[in-house]
$ cat structure-v5.txt   # compact mmCIF, C-alpha atoms
# COMPACT_ATOMS: atom_id res chain seq x y z
CA MET A 1 -8.09 4.76 3.20
CA SER A 2 -10.48 7.64 3.02
CA GLN A 3 -13.63 7.56 0.96
CA THR A 4 -15.35 9.46 -1.79
CA SER A 5 -17.47 12.41 -0.77
CA PRO A 6 -21.29 12.41 -0.59
CA SER A 7 -21.36 14.69 -3.62
CA ALA A 8 -19.32 12.13 -5.53
CA HIS A 9 -21.81 9.44 -4.55
CA SER A 10 -24.66 11.65 -5.81
CA ASP A 11 -22.83 12.10 -9.10
CA ALA A 12 -22.42 8.32 -9.39
CA SER A 13 -26.10 7.68 -8.70
CA LEU A 14 -27.20 10.25 -11.26
CA THR A 15 -24.85 9.07 -13.98
CA ARG A 16 -25.68 5.40 -13.52
CA ALA A 17 -29.41 6.16 -13.74
CA GLY A 18 -29.01 6.96 -17.43
CA GLU A 19 -26.23 4.48 -18.13
CA SER A 20 -25.99 3.14 -21.66
CA PRO A 21 -25.43 -0.58 -22.31
CA ALA A 22 -21.89 0.13 -23.54
CA SER A 23 -21.06 2.17 -20.46
CA ARG A 24 -22.49 -0.50 -18.19
CA ALA A 25 -20.46 -3.19 -19.94
CA LEU A 26 -17.26 -1.19 -19.46
CA ARG A 27 -18.06 -0.54 -15.81
CA LEU A 28 -18.64 -4.24 -15.19
CA ALA A 29 -15.41 -5.05 -17.05
CA GLY A 30 -13.54 -2.69 -14.75
CA MET A 31 -15.02 -4.36 -11.69
CA VAL A 32 -14.07 -7.79 -13.02
CA CYS A 33 -10.46 -6.64 -13.48
CA LEU A 34 -10.30 -5.54 -9.84
CA VAL A 35 -11.93 -8.74 -8.59
CA LEU A 36 -9.42 -10.80 -10.58
CA MET A 37 -6.43 -8.92 -9.13
CA PRO A 38 -5.82 -11.52 -6.36
CA LEU A 39 -5.63 -14.36 -8.89
CA ALA A 40 -3.46 -12.28 -11.19
CA VAL A 41 -0.90 -11.58 -8.46
CA TRP A 42 -0.80 -15.28 -7.60
CA LEU A 43 0.06 -16.09 -11.20
CA ALA A 44 2.36 -13.10 -11.81
CA ASN A 45 3.37 -11.37 -8.61
CA ARG A 46 3.97 -7.93 -10.15
CA SER A 47 0.70 -7.82 -12.11
CA ALA A 48 -1.32 -5.59 -9.74
CA PRO A 49 -0.55 -2.40 -11.76
CA LEU A 50 -1.70 -4.13 -14.96
CA MET A 51 -5.05 -5.13 -13.44
CA LEU A 52 -5.53 -1.68 -11.93
CA GLY A 53 -4.66 -0.08 -15.27
CA LEU A 54 -7.12 -2.26 -17.19
CA ALA A 55 -9.81 -1.40 -14.66
CA ALA A 56 -8.99 2.30 -14.96
CA ALA A 57 -9.24 2.17 -18.76
CA ALA A 58 -12.64 0.49 -18.50
CA PHE A 59 -14.00 2.99 -15.98
CA LEU A 60 -12.63 5.89 -18.01
CA GLY A 61 -14.39 4.59 -21.10
CA ALA A 62 -17.63 4.17 -19.15
CA THR A 63 -17.39 7.74 -17.92
CA LEU A 64 -16.68 9.22 -21.34
CA LEU A 65 -19.77 7.46 -22.68
CA SER A 66 -22.02 8.66 -19.87
CA GLU A 67 -21.26 12.25 -18.90
CA PRO A 68 -19.59 15.46 -20.07
CA VAL A 69 -15.85 15.65 -19.41
CA ALA A 70 -16.43 18.78 -17.31
CA VAL A 71 -18.26 16.71 -14.69
CA SER A 72 -15.28 14.39 -14.26
CA ILE A 73 -12.91 17.36 -14.15
CA ALA A 74 -14.95 18.93 -11.36
CA ARG A 75 -14.83 15.65 -9.44
CA LEU A 76 -11.08 15.43 -9.98
CA HIS A 77 -10.67 18.99 -8.73
CA ARG A 78 -12.47 18.12 -5.51
CA LEU A 79 -10.15 15.19 -4.88
CA LEU A 80 -6.92 16.97 -5.78
CA THR A 81 -7.59 19.99 -3.57
CA ALA A 82 -7.81 17.85 -0.44
CA PRO A 83 -4.80 18.47 1.88
CA VAL A 84 -3.48 14.91 1.63
CA ALA A 85 -3.64 15.02 -2.18
CA LEU A 86 -1.79 18.34 -2.26
CA ALA A 87 0.97 16.95 -0.03
CA ILE A 88 1.34 13.84 -2.20
CA ALA A 89 1.39 15.96 -5.34
CA ALA A 90 4.10 18.15 -3.81
CA PHE A 91 6.17 15.06 -3.04
CA LEU A 92 5.77 13.75 -6.58
CA ALA A 93 6.82 17.12 -7.96
CA TRP A 94 9.85 17.27 -5.66
CA ALA A 95 10.77 13.68 -6.55
CA LEU A 96 10.67 14.62 -10.25
CA ILE A 97 12.87 17.67 -9.61
CA SER A 98 15.38 15.58 -7.65
CA ILE A 99 15.98 13.39 -10.69
CA GLY A 100 18.06 16.36 -11.86
CA TRP A 101 20.90 15.28 -9.56
CA SER A 102 20.50 11.53 -10.04
CA HIS A 103 23.52 9.72 -11.48
CA LYS A 104 21.21 7.81 -13.83
CA PRO A 105 18.33 10.15 -14.79
CA SER A 106 16.69 7.72 -17.22
CA ALA A 107 16.49 4.95 -14.60
CA SER A 108 15.22 7.43 -12.03
CA LEU A 109 12.54 8.67 -14.43
CA GLN A 110 11.47 5.08 -15.00
CA ALA A 111 11.18 4.58 -11.22
CA TRP A 112 9.11 7.77 -10.98
CA GLY A 113 6.82 6.49 -13.72
CA GLU A 114 6.42 3.16 -11.90
CA LEU A 115 5.33 5.10 -8.82
CA ILE A 116 2.94 7.52 -10.46
CA LEU A 117 1.16 5.22 -12.92
CA PRO A 118 -0.76 3.20 -10.27
CA ILE A 119 -1.65 6.47 -8.55
CA VAL A 120 -3.09 7.80 -11.81
CA PHE A 121 -4.98 4.54 -12.37
CA ALA A 122 -6.56 4.59 -8.91
CA LEU A 123 -7.39 8.28 -9.27
CA THR A 124 -9.03 7.63 -12.65
CA ILE A 125 -11.33 5.03 -11.08
CA ALA A 126 -12.10 7.28 -8.12
CA VAL A 127 -13.14 10.23 -10.28
CA SER A 128 -15.01 8.17 -12.86
CA GLY A 129 -18.33 8.49 -11.06
CA ARG A 130 -18.97 4.84 -11.91
CA TRP A 131 -17.23 3.31 -8.90
CA ARG A 132 -18.94 2.28 -5.72
CA PRO A 133 -18.37 -1.20 -4.24
CA THR A 134 -21.49 -3.34 -3.79
CA PRO A 135 -22.10 -6.35 -1.51
CA LEU A 136 -21.96 -8.63 -4.55
CA LEU A 137 -18.59 -7.18 -5.54
CA PHE A 138 -17.19 -7.73 -2.05
CA ARG A 139 -18.40 -11.33 -2.01
CA ALA A 140 -16.73 -11.94 -5.36
CA LEU A 141 -13.51 -10.28 -4.19
CA ALA A 142 -13.51 -12.30 -0.97
CA LEU A 143 -13.82 -15.54 -2.94
CA ALA A 144 -11.05 -14.45 -5.31
CA VAL A 145 -8.72 -13.65 -2.40
CA ILE A 146 -9.52 -16.99 -0.73
CA VAL A 147 -8.91 -18.95 -3.93
CA ALA A 148 -5.64 -17.11 -4.59
CA ALA A 149 -4.50 -17.73 -1.01
CA VAL A 150 -5.33 -21.44 -1.27
CA LEU A 151 -3.43 -21.68 -4.55
CA VAL A 152 -0.41 -20.05 -2.91
CA MET A 153 -0.54 -22.49 0.00
CA ILE A 154 -0.87 -25.48 -2.35
CA GLU A 155 2.20 -24.32 -4.24
CA LEU A 156 4.19 -23.78 -1.05
CA ALA A 157 3.20 -27.23 0.22
CA SER A 158 3.87 -29.03 -3.06
CA GLY A 159 7.16 -27.45 -4.03
CA LEU A 160 5.70 -25.04 -6.60
CA SER A 161 4.02 -27.85 -8.57
CA GLN A 162 1.49 -25.57 -10.30
CA ARG A 163 4.17 -23.12 -11.34
CA ALA A 164 6.29 -25.94 -12.71
CA ALA A 165 3.34 -27.38 -14.66
CA LEU A 166 2.51 -23.98 -16.13
CA GLY A 167 6.15 -23.27 -16.86
CA THR A 168 5.84 -19.72 -15.57
CA GLY A 169 7.60 -17.57 -12.98
CA LYS A 170 10.66 -18.13 -10.83
CA MET A 171 10.86 -21.48 -9.09
CA MET A 172 11.52 -19.91 -5.71
CA THR A 173 9.15 -19.65 -2.75
CA PHE A 174 9.90 -16.00 -2.08
CA VAL A 175 7.90 -15.09 -5.22
CA PHE A 176 4.80 -15.41 -3.05
CA ASN A 177 5.88 -12.61 -0.72
CA ARG A 178 4.29 -9.97 -2.92
CA PRO A 179 0.99 -11.86 -3.33
CA ALA A 180 0.84 -12.37 0.45
CA ILE A 181 1.10 -8.62 0.99
CA VAL A 182 -1.43 -7.71 -1.73
CA LEU A 183 -3.93 -10.31 -0.45
CA LEU A 184 -3.57 -8.87 3.06
CA LEU A 185 -4.20 -5.32 1.80
CA LEU A 186 -7.30 -6.34 -0.15
CA ALA A 187 -8.66 -8.49 2.68
CA VAL A 188 -8.97 -5.57 5.11
CA PRO A 189 -11.69 -3.51 3.34
CA THR A 190 -13.36 -6.70 2.09
CA ALA A 191 -13.68 -8.34 5.50
CA HIS A 192 -14.83 -5.04 7.02
CA ALA A 193 -17.53 -4.54 4.37
CA LEU A 194 -18.86 -8.08 4.65
CA TRP A 195 -18.87 -8.04 8.44
CA SER A 196 -20.30 -4.56 9.03
CA ARG A 197 -22.91 -4.55 6.27
CA PRO A 198 -24.08 -8.16 6.16
CA ALA A 199 -27.11 -9.40 4.30
CA GLY A 200 -27.32 -12.12 6.94
CA TRP A 201 -24.96 -14.64 8.53
CA PRO A 202 -23.42 -15.83 5.21
CA ASP A 203 -21.63 -12.50 4.73
CA ARG A 204 -20.15 -12.61 8.22
CA ALA A 205 -19.15 -16.24 7.78
CA LEU A 206 -17.42 -15.32 4.52
CA ALA A 207 -15.65 -12.40 6.23
CA ALA A 208 -14.42 -14.70 9.01
CA LEU A 209 -13.23 -17.32 6.53
CA LEU A 210 -11.45 -14.64 4.51
CA ALA A 211 -9.64 -13.34 7.60
CA VAL A 212 -8.54 -16.82 8.69
CA VAL A 213 -7.32 -17.88 5.24
CA VAL A 214 -5.36 -14.67 4.66
CA ILE A 215 -3.69 -14.83 8.07
CA VAL A 216 -2.75 -18.45 7.45
CA VAL A 217 -1.26 -17.74 4.01
CA VAL A 218 0.68 -14.78 5.40
CA PHE A 219 2.29 -16.94 8.09
CA ARG A 220 2.89 -19.77 5.60
CA SER A 221 4.71 -17.38 3.29
CA GLU A 222 8.30 -16.21 3.68
CA SER A 223 7.22 -12.55 3.90
CA GLU A 224 8.29 -11.30 7.32
CA ALA A 225 6.95 -7.89 6.28
CA ALA A 226 3.46 -9.33 5.75
CA LYS A 227 3.65 -11.12 9.10
CA LEU A 228 4.57 -7.86 10.80
CA GLY A 229 1.62 -6.26 9.01
CA VAL A 230 -0.79 -8.78 10.54
CA LEU A 231 0.78 -8.38 14.00
CA VAL A 232 0.18 -4.62 13.77
CA LEU A 233 -3.18 -4.79 12.00
CA VAL A 234 -5.08 -6.87 14.56
CA PRO A 235 -4.21 -4.96 17.77
CA CYS A 236 -4.53 -1.58 16.02
CA TRP A 237 -8.00 -2.47 14.73
CA THR A 238 -9.01 -3.67 18.19
CA LEU A 239 -7.65 -0.60 19.96
CA ALA A 240 -9.18 1.76 17.41
CA ALA A 241 -12.59 0.13 17.91
CA LEU A 242 -12.34 0.51 21.70
CA ALA A 243 -10.41 3.77 22.08
CA PRO A 244 -10.13 5.51 18.70
CA ARG A 245 -8.48 8.71 19.96
CA VAL A 246 -5.79 6.74 21.76
CA ALA A 247 -5.20 4.58 18.68
CA LEU A 248 -4.96 7.65 16.45
CA ALA A 249 -2.53 9.39 18.79
CA LEU A 250 -0.29 6.33 19.11
CA THR A 251 -0.32 5.71 15.36
CA ALA A 252 0.52 9.33 14.59
CA LEU A 253 3.33 9.34 17.16
CA ALA A 254 4.83 6.09 15.87
CA PHE A 255 4.52 7.31 12.27
CA VAL A 256 6.24 10.65 12.89
CA LEU A 257 9.02 9.14 15.02
CA THR A 258 9.71 6.42 12.45
CA MET A 259 9.93 8.98 9.65
CA ALA A 260 12.12 11.28 11.75
CA ILE A 261 14.71 8.73 12.93
CA ALA A 262 15.09 6.96 9.58
CA PRO A 263 18.62 8.28 8.89
CA LEU A 264 19.67 6.81 12.26
CA LEU A 265 17.63 3.63 11.95
CA GLY A 266 20.61 1.27 11.74
CA PRO A 267 22.45 2.49 14.85
CA THR A 268 19.15 2.83 16.74
CA ALA A 269 18.09 -0.74 15.95
CA GLU A 270 21.52 -2.03 16.89
CA LYS A 271 21.25 -0.41 20.30
CA LEU A 272 17.62 -1.27 21.00
CA LEU A 273 17.72 -4.93 19.90
CA PRO A 274 19.89 -7.10 22.15
CA SER A 275 22.19 -9.63 20.51
CA PHE A 276 20.17 -12.62 21.74
CA VAL A 277 17.10 -11.19 19.99
CA LEU A 278 19.03 -10.69 16.75
CA ASN A 279 20.31 -14.26 16.94
CA ARG A 280 16.75 -15.58 17.16
CA LEU A 281 15.62 -13.52 14.17
CA ASP A 282 17.77 -15.30 11.61
CA VAL A 283 14.75 -15.93 9.36
CA MET A 284 14.25 -12.18 9.07
CA SER A 285 17.98 -11.64 8.43
CA ALA A 286 17.69 -8.94 11.07
CA GLN A 287 21.40 -8.21 11.29
CA ALA A 288 21.66 -7.98 7.51
CA ARG A 289 18.85 -5.44 7.42
CA ILE A 290 20.48 -3.39 10.15
CA ASP A 291 23.71 -3.37 8.13
CA ILE A 292 21.76 -2.20 5.07
CA TRP A 293 20.09 0.52 7.14
CA ASP A 294 23.55 1.61 8.33
CA SER A 295 24.72 1.92 4.73
CA PHE A 296 21.79 3.92 3.40
CA GLY A 297 21.61 5.90 6.63
CA GLU A 298 25.07 7.25 5.86
CA VAL A 299 23.79 8.33 2.44
CA ALA A 300 20.85 10.13 4.07
CA ARG A 301 23.19 11.90 6.49
CA ALA A 302 25.57 12.83 3.66
CA ARG A 303 22.75 14.42 1.62
CA PRO A 304 20.31 15.53 4.35
CA ILE A 305 18.48 18.30 2.50
CA ALA A 306 17.87 17.17 -1.08
CA GLY A 307 18.96 13.53 -1.06
CA ALA A 308 20.85 11.65 -3.75
CA GLY A 309 17.98 11.91 -6.26
CA PHE A 310 14.76 9.98 -6.68
CA GLY A 311 15.16 6.36 -7.81
CA THR A 312 18.90 6.19 -7.10
CA SER A 313 18.70 3.41 -4.49
CA ALA A 314 18.75 0.70 -7.16
CA THR A 315 22.34 1.61 -8.05
CA MET A 316 23.39 3.71 -5.07
CA HIS A 317 26.78 1.99 -5.01
CA GLU A 318 27.52 3.70 -8.35
CA HIS A 319 26.45 7.16 -7.17
CA LYS A 320 29.18 9.63 -6.26
CA VAL A 321 27.74 9.82 -2.75
CA ALA A 322 29.02 6.26 -2.22
CA ALA A 323 32.50 7.74 -1.77
CA GLU A 324 31.20 9.54 1.33
CA VAL A 325 30.02 6.29 2.91
CA SER A 326 32.45 4.42 5.13
CA ALA A 327 34.23 1.53 3.43
CA GLU A 328 32.64 -1.06 5.72
CA HIS A 329 29.13 0.01 4.68
CA ARG A 330 29.76 0.79 1.03
CA THR A 331 29.24 -2.73 -0.32
CA LEU A 332 25.63 -3.01 0.87
CA LEU A 333 24.67 0.06 -1.15
CA GLY A 334 24.40 -2.40 -4.02
CA VAL A 335 21.48 -4.41 -2.59
CA GLY A 336 18.90 -2.42 -4.58
CA HIS A 337 16.96 -0.57 -1.87
CA PRO A 338 17.19 0.14 1.88
CA HIS A 339 14.36 -2.25 2.90
CA ASP A 340 12.75 0.71 4.66
CA MET A 341 10.45 3.25 3.03
CA PRO A 342 11.21 6.22 5.32
CA LEU A 343 14.94 5.66 4.90
CA GLN A 344 14.58 5.38 1.14
CA ALA A 345 12.66 8.67 1.09
CA TRP A 346 15.42 10.32 3.13
CA ALA A 347 18.28 8.85 1.06
CA GLU A 348 16.72 9.78 -2.28
CA THR A 349 14.75 12.97 -1.61
CA GLY A 350 16.20 14.28 1.67
CA VAL A 351 14.35 15.99 4.47
CA ILE A 352 12.19 17.82 1.93
CA GLY A 353 10.77 14.62 0.44
CA ALA A 354 10.52 12.83 3.78
CA GLY A 355 8.84 15.88 5.29
CA LEU A 356 6.23 16.03 2.53
CA LEU A 357 5.41 12.33 2.97
CA THR A 358 5.12 12.84 6.72
CA LEU A 359 2.76 15.74 6.12
CA ALA A 360 0.65 13.61 3.76
CA GLY A 361 0.39 10.88 6.38
CA LEU A 362 -0.66 13.31 9.08
CA PHE A 363 -3.30 14.86 6.79
CA LEU A 364 -4.66 11.38 6.14
CA LEU A 365 -4.82 10.60 9.85
CA ALA A 366 -6.61 13.90 10.44
CA ARG A 367 -9.14 12.91 7.77
CA LEU A 368 -9.67 9.53 9.39
CA ARG A 369 -10.33 11.25 12.71
CA GLN A 370 -13.55 12.67 11.27
CA LEU A 371 -15.03 9.23 10.62
CA PRO A 372 -17.33 7.29 12.93
CA VAL A 373 -15.57 4.64 15.00
CA ALA A 374 -16.84 1.70 12.94
CA GLU A 375 -15.30 3.18 9.77
CA LEU A 376 -12.18 4.62 11.39
CA ALA A 377 -10.94 1.37 12.95
CA PRO A 378 -10.30 -0.71 9.79
CA ARG A 379 -8.86 2.24 7.89
CA LEU A 380 -6.49 3.16 10.71
CA ALA A 381 -5.50 -0.49 11.05
CA LEU A 382 -4.72 -0.66 7.32
CA PHE A 383 -2.66 2.54 7.55
CA ALA A 384 -0.64 1.17 10.48
CA ALA A 385 -0.18 -2.25 8.90
CA ALA A 386 0.82 -0.86 5.50
CA PHE A 387 3.32 1.52 7.07
CA SER A 388 4.75 -1.31 9.16
CA ILE A 389 5.17 -3.44 6.04
CA ALA A 390 6.90 -0.56 4.27
CA THR A 391 9.39 -0.04 7.11
CA VAL A 392 10.92 -3.51 6.80
CA GLY A 393 10.05 -4.72 3.33
CA HIS A 394 10.46 -3.94 -0.32
CA GLY A 395 11.43 -0.86 -2.31
CA ALA A 396 9.20 2.09 -1.49
CA TRP A 397 8.14 3.00 -5.03
CA GLN A 398 7.52 -0.43 -6.57
CA GLY A 399 4.43 -0.41 -8.77
CA TRP A 400 2.86 -3.63 -7.43
CA TRP A 401 2.93 -2.18 -3.90
CA ILE A 402 1.42 1.17 -4.88
CA ALA A 403 -1.25 -0.61 -6.98
CA GLY A 404 -2.15 -2.89 -4.06
CA LEU A 405 -2.52 0.11 -1.76
CA GLY A 406 -4.55 1.97 -4.39
CA ALA A 407 -6.93 -0.95 -4.84
CA ALA A 408 -7.39 -1.34 -1.07
CA ILE A 409 -8.20 2.35 -0.74
CA LEU A 410 -10.71 2.11 -3.59
CA PHE A 411 -12.49 -0.75 -1.87
CA PHE A 412 -12.91 1.51 1.17
CA ALA A 413 -14.76 4.00 -1.07
CA MET A 414 -18.15 3.50 0.52
CA ASP A 415 -20.57 5.74 2.33
CA ALA A 416 -18.97 6.42 5.71
CA ALA A 417 -21.62 8.79 6.97
CA PRO A 418 -22.12 8.49 10.74
CA ARG A 419 -24.82 6.01 11.70
CA GLN A 420 -26.94 6.14 14.80
CA GLY A 421 -25.02 4.93 17.80
CA ASP A 422 -21.59 5.67 16.32
CA ALA A 423 -19.42 8.15 18.11
CA HIS A 424 -15.80 8.89 18.73
CA GLY A 425 -14.47 7.55 21.99

$ encode --input "structure-v5.txt" --output "structure tokens"
Amino acid sequence: MSQTSPSAHSDASLTRAGESPASRALRLAGMVCLVLMPLAVWLANRSAPLMLGLAAAAFLGATLLSEPVAVSIARLHRLLTAPVALAIAAFLAWALISIGWSHKPSASLQAWGELILPIVFALTIAVSGRWRPTPLLFRALALAVIVAAVLVMIELASGLSQRAALGTGKMMTFVFNRPAIVLLLLAVPTAHALWSRPAGWPDRALAALLAVVVIVVVFRSESEAAKLGVLVLVPCWTLAALAPRVALALTALAFVLTMAIAPLLGPTAEKLLPSFVLNRLDVMSAQARIDIWDSFGEVARARPIAGAGFGTSATMHEHKVAAEVSAEHRTLLGVGHPHDMPLQAWAETGVIGAGLLTLAGLFLLARLRQLPVAELAPRLALFAAAFSIATVGHGAWQGWWIAGLGAAILFFAMDAAPRQGDAHG
């Protein structure tokens, strides 16, 4: 949700000036892969890492054909020495160490690889010196997101007719939960770019259409996490545009508190949500999620410092820590993950891992604080929405989720230098 530095932009301009035909072809191929990501996730809902990886390979090839490796290494060094990058790297290192006390080290290592690969792919594109989104690219991406969203809605309305005709994928409507989330993530930087840097009314009209279509597909889907993301995204964006310091403070407070109380999330939710509210939230399976949070919360409290080991949530019921969980909550340790990212971080990596992730988030918010209001608002809204999705949704380290976030961040990689009239409020 930050952006590349001015020096990185200068590097990109200089390298593209002497770009060879082969390098240009690879760069365009990488852009096409990213533009096609929305359609890919409609067809195969876990394909975001594949598209990001193909794009990364193309951009890497373009870079190797255009500049000395030392230039890319210098660019990589600039990115990796940023505070947020150091905190994330520390978490990844700690997560790798914690595999040492996992009950299934090979499965945990696979989960770690699923987490880190999309990060490496996004980082490769960012340091390539060939990446900077253009208006044409945003228009193409907007159209791809709209088409993918329409295809999802047609399938939902027709009983998965396209999927049946193609003979691909699971014949269940929940398979569109992941595409709904990825389309929402990609729509934020795209709508912002088209609206704030229009080449006339068509760009703004396209941005408005994109926003409407994505919101509709989110609320047509079964993804309650995506719906929560929209309900957080819109007011946060509005508040950040009107009172950025207030929005930043509230987001930081909510983020820190959510990370801190994760081991007690189940009991806290039980107390704060009245029974009549829980009864009305049957679509969200609210009570079931609270029971799951209770189960994994006991794991987090049983291993508060180092956790049970990275990637152990998938088979936590087989971990020896399961014996320390009360009998009534032991069964739900077999659901696969806690349906809450902060709680999963606590259960698997303890206060050390959760603390490092909290630090990374705060460093990112501090970086966003330096941006002009017009650039801060959509990035802060995406941060808040993505974190909200992670607190009630899928497994924290799933590759499709990390790839979707990485792609959204890349599409925010534009010149965010303050413009006349912008100021913090």

$ atom_distance --input "structure-v5.txt" --atom1 "atom CA of Ala413 of chain A" --atom2 "atom CA of Pro118 of chain A"
16.8 Å

$ atom_distance --input "structure-v5.txt" --atom1 "atom CA of Gly399 of chain A" --atom2 "atom CA of Ser108 of chain A"
13.7 Å

$ closest_residue --input "structure-v5.txt" --among "A:Leu410, A:Glu348, A:Ile389, A:Pro179" --to "Lys227 of chain A" --atoms "all atoms listed in the file"
A:Ile389

$ residues_around --input "structure-v5.txt" --residues "Phe412 of chain A" --least-positions-apart "5" --cutoff "12 Å" --atoms "all atoms listed in the file" --output "JSON, numbers by chain"
{"A": [1, 2, 3, 4, 5, 126, 131, 132, 133, 134, 138, 185, 186, 187, 188, 189, 190, 191, 192, 193, 194, 368, 375, 376, 377, 378, 379, 380, 382, 405, 406, 407]}

$ residues_around --input "structure-v5.txt" --residues "segment 56-61 of chain A" --least-positions-apart "4" --cutoff "7 Å" --atoms "all atoms listed in the file" --output "CSV table (one decimal) with C-alpha atoms, in the frame of the given file"
chain,number,residue,atom,x,y,z
A,26,LEU,CA,-17.3,-1.2,-19.5
A,27,ARG,CA,-18.1,-0.5,-15.8
A,29,ALA,CA,-15.4,-5.0,-17.0
A,30,GLY,CA,-13.5,-2.7,-14.8
A,52,LEU,CA,-5.5,-1.7,-11.9
A,65,LEU,CA,-19.8,7.5,-22.7
A,121,PHE,CA,-5.0,4.5,-12.4
A,122,ALA,CA,-6.6,4.6,-8.9
A,124,THR,CA,-9.0,7.6,-12.6
A,125,ILE,CA,-11.3,5.0,-11.1
A,128,SER,CA,-15.0,8.2,-12.9
A,130,ARG,CA,-19.0,4.8,-11.9

$ closest_residue --input "structure-v5.txt" --among "A:Arg303, A:Arg24, A:Arg139, A:Lys271" --to "Leu209 of chain A" --atoms "all atoms listed in the file"
A:Arg139

$ residues_near_point --input "structure-v5.txt" --point "(-8.7, -10.6, -12.0)" --cutoff "12 Å" --atoms "all atoms listed in the file" --output "short mmCIF file (atom, residue, chain, number, x, y, z; two decimals) with C-alpha atoms, in the frame of the given file"
data_model
loop_
_atom_site.label_atom_id
_atom_site.label_comp_id
_atom_site.auth_asym_id
_atom_site.auth_seq_id
_atom_site.Cartn_x
_atom_site.Cartn_y
_atom_site.Cartn_z
CA ALA A 29 -15.41 -5.05 -17.05
CA GLY A 30 -13.54 -2.69 -14.75
CA MET A 31 -15.02 -4.36 -11.69
CA VAL A 32 -14.07 -7.79 -13.02
CA CYS A 33 -10.46 -6.64 -13.48
CA LEU A 34 -10.30 -5.54 -9.84
CA VAL A 35 -11.93 -8.74 -8.59
CA LEU A 36 -9.42 -10.80 -10.58
CA MET A 37 -6.43 -8.92 -9.13
CA PRO A 38 -5.82 -11.52 -6.36
CA LEU A 39 -5.63 -14.36 -8.89
CA ALA A 40 -3.46 -12.28 -11.19
CA VAL A 41 -0.90 -11.58 -8.46
CA TRP A 42 -0.80 -15.28 -7.60
CA LEU A 43 0.06 -16.09 -11.20
CA ALA A 44 2.36 -13.10 -11.81
CA SER A 47 0.70 -7.82 -12.11
CA ALA A 48 -1.32 -5.59 -9.74
CA PRO A 49 -0.55 -2.40 -11.76
CA LEU A 50 -1.70 -4.13 -14.96
CA MET A 51 -5.05 -5.13 -13.44
CA LEU A 52 -5.53 -1.68 -11.93
CA GLY A 53 -4.66 -0.08 -15.27
CA LEU A 54 -7.12 -2.26 -17.19
CA ALA A 55 -9.81 -1.40 -14.66
CA ALA A 140 -16.73 -11.94 -5.36
CA LEU A 141 -13.51 -10.28 -4.19
CA LEU A 143 -13.82 -15.54 -2.94
CA ALA A 144 -11.05 -14.45 -5.31
CA VAL A 145 -8.72 -13.65 -2.40
CA VAL A 147 -8.91 -18.95 -3.93
CA ALA A 148 -5.64 -17.11 -4.59
#

$ atom_distance --input "structure-v5.txt" --atom1 "atom CA of Val246 of chain A" --atom2 "atom CA of Gln344 of chain A"
29.0 Å

$ closest_residue --input "structure-v5.txt" --among "A:His319, A:Arg367, A:Arg301, A:Arg330" --to "Trp346 of chain A" --atoms "all atoms listed in the file"
A:Arg301
